$ cat final.cif   # mmCIF, C-alpha atoms and all ligand atoms
data_data
loop_
_atom_site.group_PDB
_atom_site.id
_atom_site.type_symbol
_atom_site.label_atom_id
_atom_site.label_comp_id
_atom_site.auth_asym_id
_atom_site.auth_seq_id
_atom_site.Cartn_x
_atom_site.Cartn_y
_atom_site.Cartn_z
ATOM 1 C CA MET B 1 -11.609 6.469 1.190
ATOM 2 C CA THR B 2 -10.143 5.031 -1.985
ATOM 3 C CA LYS B 3 -9.189 1.482 -2.900
ATOM 4 C CA VAL B 4 -6.033 0.193 -4.508
ATOM 5 C CA THR B 5 -6.324 -3.184 -6.225
ATOM 6 C CA VAL B 6 -3.216 -5.178 -7.043
ATOM 7 C CA HIS B 7 -2.962 -6.733 -10.499
ATOM 8 C CA PRO B 8 -2.907 -9.700 -11.066
ATOM 9 C CA THR B 9 -3.328 -11.088 -7.524
ATOM 10 C CA GLY B 10 -6.465 -9.125 -6.615
ATOM 11 C CA GLU B 11 -5.491 -7.863 -3.157
ATOM 12 C CA VAL B 12 -7.451 -4.747 -2.252
ATOM 13 C CA VAL B 13 -6.273 -2.139 0.227
ATOM 14 C CA GLU B 14 -8.275 0.835 1.428
ATOM 15 C CA VAL B 15 -6.306 4.068 1.475
ATOM 16 C CA ARG B 16 -7.200 6.750 3.987
ATOM 17 C CA ASP B 17 -7.494 10.372 2.938
ATOM 18 C CA GLY B 18 -4.030 11.806 2.441
ATOM 19 C CA GLU B 19 -2.329 8.452 2.977
ATOM 20 C CA THR B 20 0.321 7.230 0.546
ATOM 21 C CA ILE B 21 -0.092 3.955 -1.310
ATOM 22 C CA MET B 22 2.906 2.544 0.510
ATOM 23 C CA GLY B 23 1.553 3.699 3.860
ATOM 24 C CA ALA B 24 -1.748 1.931 3.254
ATOM 25 C CA PHE B 25 -0.057 -1.355 2.361
ATOM 26 C CA TYR B 26 2.212 -1.252 5.402
ATOM 27 C CA ARG B 27 -0.711 -0.346 7.670
ATOM 28 C CA THR B 28 -2.632 -3.399 6.467
ATOM 29 C CA GLY B 29 0.124 -5.956 6.989
ATOM 30 C CA TYR B 30 2.062 -5.877 3.735
ATOM 31 C CA ALA B 31 5.641 -5.015 2.954
ATOM 32 C CA MET B 32 7.292 -4.041 -0.290
ATOM 33 C CA ARG B 33 10.713 -3.222 -1.626
ATOM 34 C CA ILE B 34 11.717 0.224 -0.400
ATOM 35 C CA GLY B 35 14.692 2.497 -0.345
ATOM 36 C CA CYS B 36 14.589 6.117 0.746
ATOM 37 C CA LYS B 37 10.783 6.435 1.303
ATOM 38 C CA ARG B 38 11.173 10.054 0.144
ATOM 39 C CA GLY B 39 10.759 9.878 -3.630
ATOM 40 C CA GLY B 40 14.462 9.997 -4.291
ATOM 41 C CA CYS B 41 15.732 6.522 -5.210
ATOM 42 C CA GLY B 42 13.094 4.840 -7.371
ATOM 43 C CA PHE B 43 13.388 1.434 -5.671
ATOM 44 C CA CYS B 44 9.665 1.373 -4.935
ATOM 45 C CA LYS B 45 8.438 1.960 -8.514
ATOM 46 C CA ILE B 46 5.118 0.363 -9.399
ATOM 47 C CA ASP B 47 3.008 0.474 -12.546
ATOM 48 C CA VAL B 48 -0.426 2.074 -12.521
ATOM 49 C CA HIS B 49 -2.868 0.278 -14.820
ATOM 50 C CA ASP B 50 -5.903 2.372 -13.929
ATOM 51 C CA GLY B 51 -6.662 5.402 -11.799
ATOM 52 C CA ALA B 52 -4.727 8.502 -10.877
ATOM 53 C CA PHE B 53 -2.568 9.812 -8.088
ATOM 54 C CA GLU B 54 -0.750 12.920 -7.030
ATOM 55 C CA TYR B 55 2.388 13.654 -5.092
ATOM 56 C CA GLU B 56 1.548 15.775 -2.078
ATOM 57 C CA ARG B 57 5.248 16.049 -1.256
ATOM 58 C CA PRO B 58 8.130 16.557 -3.684
ATOM 59 C CA VAL B 59 9.810 13.686 -5.539
ATOM 60 C CA SER B 60 13.058 13.790 -7.498
ATOM 61 C CA ASP B 61 12.651 14.828 -11.131
ATOM 62 C CA GLU B 62 15.380 12.347 -12.048
ATOM 63 C CA VAL B 63 13.847 9.194 -10.587
ATOM 64 C CA VAL B 64 10.885 8.765 -12.937
ATOM 65 C CA THR B 65 11.623 9.708 -16.541
ATOM 66 C CA PRO B 66 8.966 11.545 -18.560
ATOM 67 C CA ALA B 67 8.441 8.364 -20.619
ATOM 68 C CA GLU B 68 7.901 6.301 -17.458
ATOM 69 C CA ALA B 69 5.531 8.912 -16.050
ATOM 70 C CA ALA B 70 3.539 8.819 -19.300
ATOM 71 C CA ASP B 71 3.348 5.015 -18.950
ATOM 72 C CA GLY B 72 1.953 5.298 -15.405
ATOM 73 C CA VAL B 73 5.037 4.612 -13.323
ATOM 74 C CA CYS B 74 4.448 5.712 -9.748
ATOM 75 C CA LEU B 75 6.467 6.103 -6.555
ATOM 76 C CA PRO B 76 4.094 4.682 -3.919
ATOM 77 C CA CYS B 77 6.179 6.053 -1.052
ATOM 78 C CA ARG B 78 4.930 9.546 -1.998
ATOM 79 C CA ALA B 79 1.893 8.912 -4.207
ATOM 80 C CA VAL B 80 -1.577 9.594 -2.842
ATOM 81 C CA PRO B 81 -4.501 8.176 -4.865
ATOM 82 C CA THR B 82 -7.060 10.633 -6.193
ATOM 83 C CA GLY B 83 -9.522 7.802 -6.807
ATOM 84 C CA ASP B 84 -9.634 4.023 -6.979
ATOM 85 C CA MET B 85 -6.565 2.531 -8.631
ATOM 86 C CA VAL B 86 -5.258 -0.713 -10.126
ATOM 87 C CA VAL B 87 -1.518 -1.146 -9.743
ATOM 88 C CA GLU B 88 1.113 -3.798 -10.397
ATOM 89 C CA PHE B 89 4.189 -4.388 -8.270
ATOM 90 C CA ARG B 90 7.477 -5.272 -9.871
ATOM 91 C CA GLU B 91 9.380 -8.510 -9.334
ATOM 92 C CA ASN B 92 6.723 -9.688 -6.859
ATOM 93 C CA SER B 93 7.950 -7.103 -4.377
ATOM 94 C CA LEU B 94 4.646 -7.012 -2.474
ATOM 95 C CA ARG B 95 4.383 -9.619 0.257
ATOM 96 C CA LEU B 96 2.126 -10.218 3.197
ATOM 97 C CA VAL B 97 4.149 -10.041 6.402
ATOM 98 C CA ASN B 98 1.465 -9.738 9.061
ATOM 99 C CA PRO B 99 -1.536 -12.015 8.379
ATOM 100 C CA LEU B 100 -3.066 -11.314 11.808
ATOM 101 C CA MET B 101 -3.166 -7.571 11.143
ATOM 102 C CA ARG B 102 -4.678 -8.250 7.738
ATOM 103 C CA TYR B 103 -7.372 -10.444 9.295
ATOM 104 C CA MET B 104 -8.187 -7.954 12.038
ATOM 105 C CA LEU B 105 -8.469 -5.021 9.627
ATOM 106 C CA SER B 106 -10.731 -6.961 7.274
ATOM 107 C CA SER B 107 -12.950 -8.400 10.003
ATOM 108 C CA LYS B 108 -16.051 -6.415 10.899
ATOM 109 C CA GLU B 109 -16.647 -8.261 14.155
ATOM 110 C CA VAL B 110 -14.465 -8.359 17.216
ATOM 111 C CA PRO B 111 -13.974 -11.986 18.259
ATOM 112 C CA ALA B 112 -15.536 -12.922 21.601
ATOM 113 C CA ARG B 113 -13.147 -13.286 24.486
ATOM 114 C CA PRO B 114 -12.689 -16.972 25.346
ATOM 115 C CA SER B 115 -14.477 -17.818 28.622
ATOM 116 C CA HIS B 116 -11.354 -19.355 30.174
ATOM 117 C CA LEU B 117 -9.765 -15.897 29.996
ATOM 118 C CA SER B 118 -12.532 -14.115 31.880
ATOM 119 C CA THR B 119 -11.646 -12.532 35.176
ATOM 120 C CA THR B 120 -13.669 -12.321 38.360
ATOM 121 C CA VAL B 121 -13.771 -9.284 40.557
HETATM 122 S S1 LIG B 201 11.478 4.349 -1.665
HETATM 123 FE FE1 LIG B 201 12.829 5.704 -2.694
HETATM 124 S S2 LIG B 201 11.545 6.592 -4.179
HETATM 125 FE FE2 LIG B 201 10.164 5.368 -3.032
#

$ encode --input "final.cif" --output "structure tokens"
Amino acid sequence: MTKVTVHPTGEVVEVRDGETIMGAFYRTGYAMRIGCKRGGCGFCKIDVHDGAFEYERPVSDEVVTPAEAADGVCLPCRAVPTGDMVVEFRENSLRLVNPLMRYMLSSKEVPARPSHLSTTV
């Protein structure tokens, strides 16, 4: 399992094997600016500061220019990390939309069931 860290806010998301960067953020309670989710529009572009990725499914050759690709521009809707990464979202597009999911995924312990909710048989 790899980790994606967001610069400069420091959020860290674990990415499952074969999972896209976008998929990992949505699974853990975040949302980001999206368009086609198929590597064809470029709305989701992020900047990779460290680490590498690959596209396991095709993306449009016209969406990310060669100069952008050389600078680390990535389409997270299709990109799968090949190791730990540091990325930056544009225009603050990343936002937390489900704090409860975030808490539950980060918590190692399952909270005890309140006694007033117990049932008798
Ligand atoms: S959402 Fe269209 S390229 Fe990622």

$ resolve_selection --input "final.cif" --expression "the PyMOL selection byres (((not hetatm)) within 6 of (chain B and resi 201))" --output "PyMOL selection string"
chain B and resi 34-44+75+77

$ residues_around --input "final.cif" --residues "Gly18 in chain B" --least-positions-apart "2" --cutoff "8 Å" --atoms "only C-alpha atoms" --output "list of chain:residue names"
B:Arg16, B:Thr20, B:Val80

$ write_last_selection --input "final.cif" --atoms "C-alpha atoms" --output "compact mmCIF listing (two decimals), in the frame of the given file"
# COMPACT_ATOMS: atom_id res chain seq x y z
CA ARG B 16 -7.20 6.75 3.99
CA THR B 20 0.32 7.23 0.55
CA VAL B 80 -1.58 9.59 -2.84

$ resolve_selection --input "final.cif" --expression "the PyMOL selection byres (((chain B and resi 49-53) around 8) and not hetatm)" --output "ChimeraX atom specification"
/B:47-48,54-55,72,79-88

$ resolve_selection --input "final.cif" --expression "the PyMOL selection byres (((chain B and resi 30) around 7) and not hetatm)" --output "JSON, numbers by chain"
{"B": [25, 26, 28, 29, 31, 32, 94, 95, 96, 97, 98]}

$ closest_residue --input "final.cif" --among "B:Val63, B:Asn92, B:Ser106, B:Pro76" --to "Glu19 in chain B" --atoms "all atoms listed in the file"
B:Pro76

$ atom_distance --input "final.cif" --atom1 "CA of Ser60 in chain B" --atom2 "CA of Val15 in chain B"
23.5 Å

$ atom_distance --input "final.cif" --atom1 "CA of Arg57 in chain B" --atom2 "CA of Asp17 in chain B"
14.6 Å

$ atom_distance --input "final.cif" --atom1 "CA of Glu91 in chain B" --atom2 "CA of Asp61 in chain B"
23.6 Å

$ closest_residue --input "final.cif" --among "B:Ser93, B:Pro66, B:Arg78, B:Leu100" --to "Gly23 in chain B" --atoms "all atoms listed in the file"
B:Arg78

$ axis_aligned_box --input "final.cif" --around "range 81-84 of chain B" --padding-each-side "6 Å" --output "JSON"
{"center_x": -7.1, "center_y": 7.3, "center_z": -5.9, "size_x": 17.1, "size_y": 18.6, "size_z": 14.1}
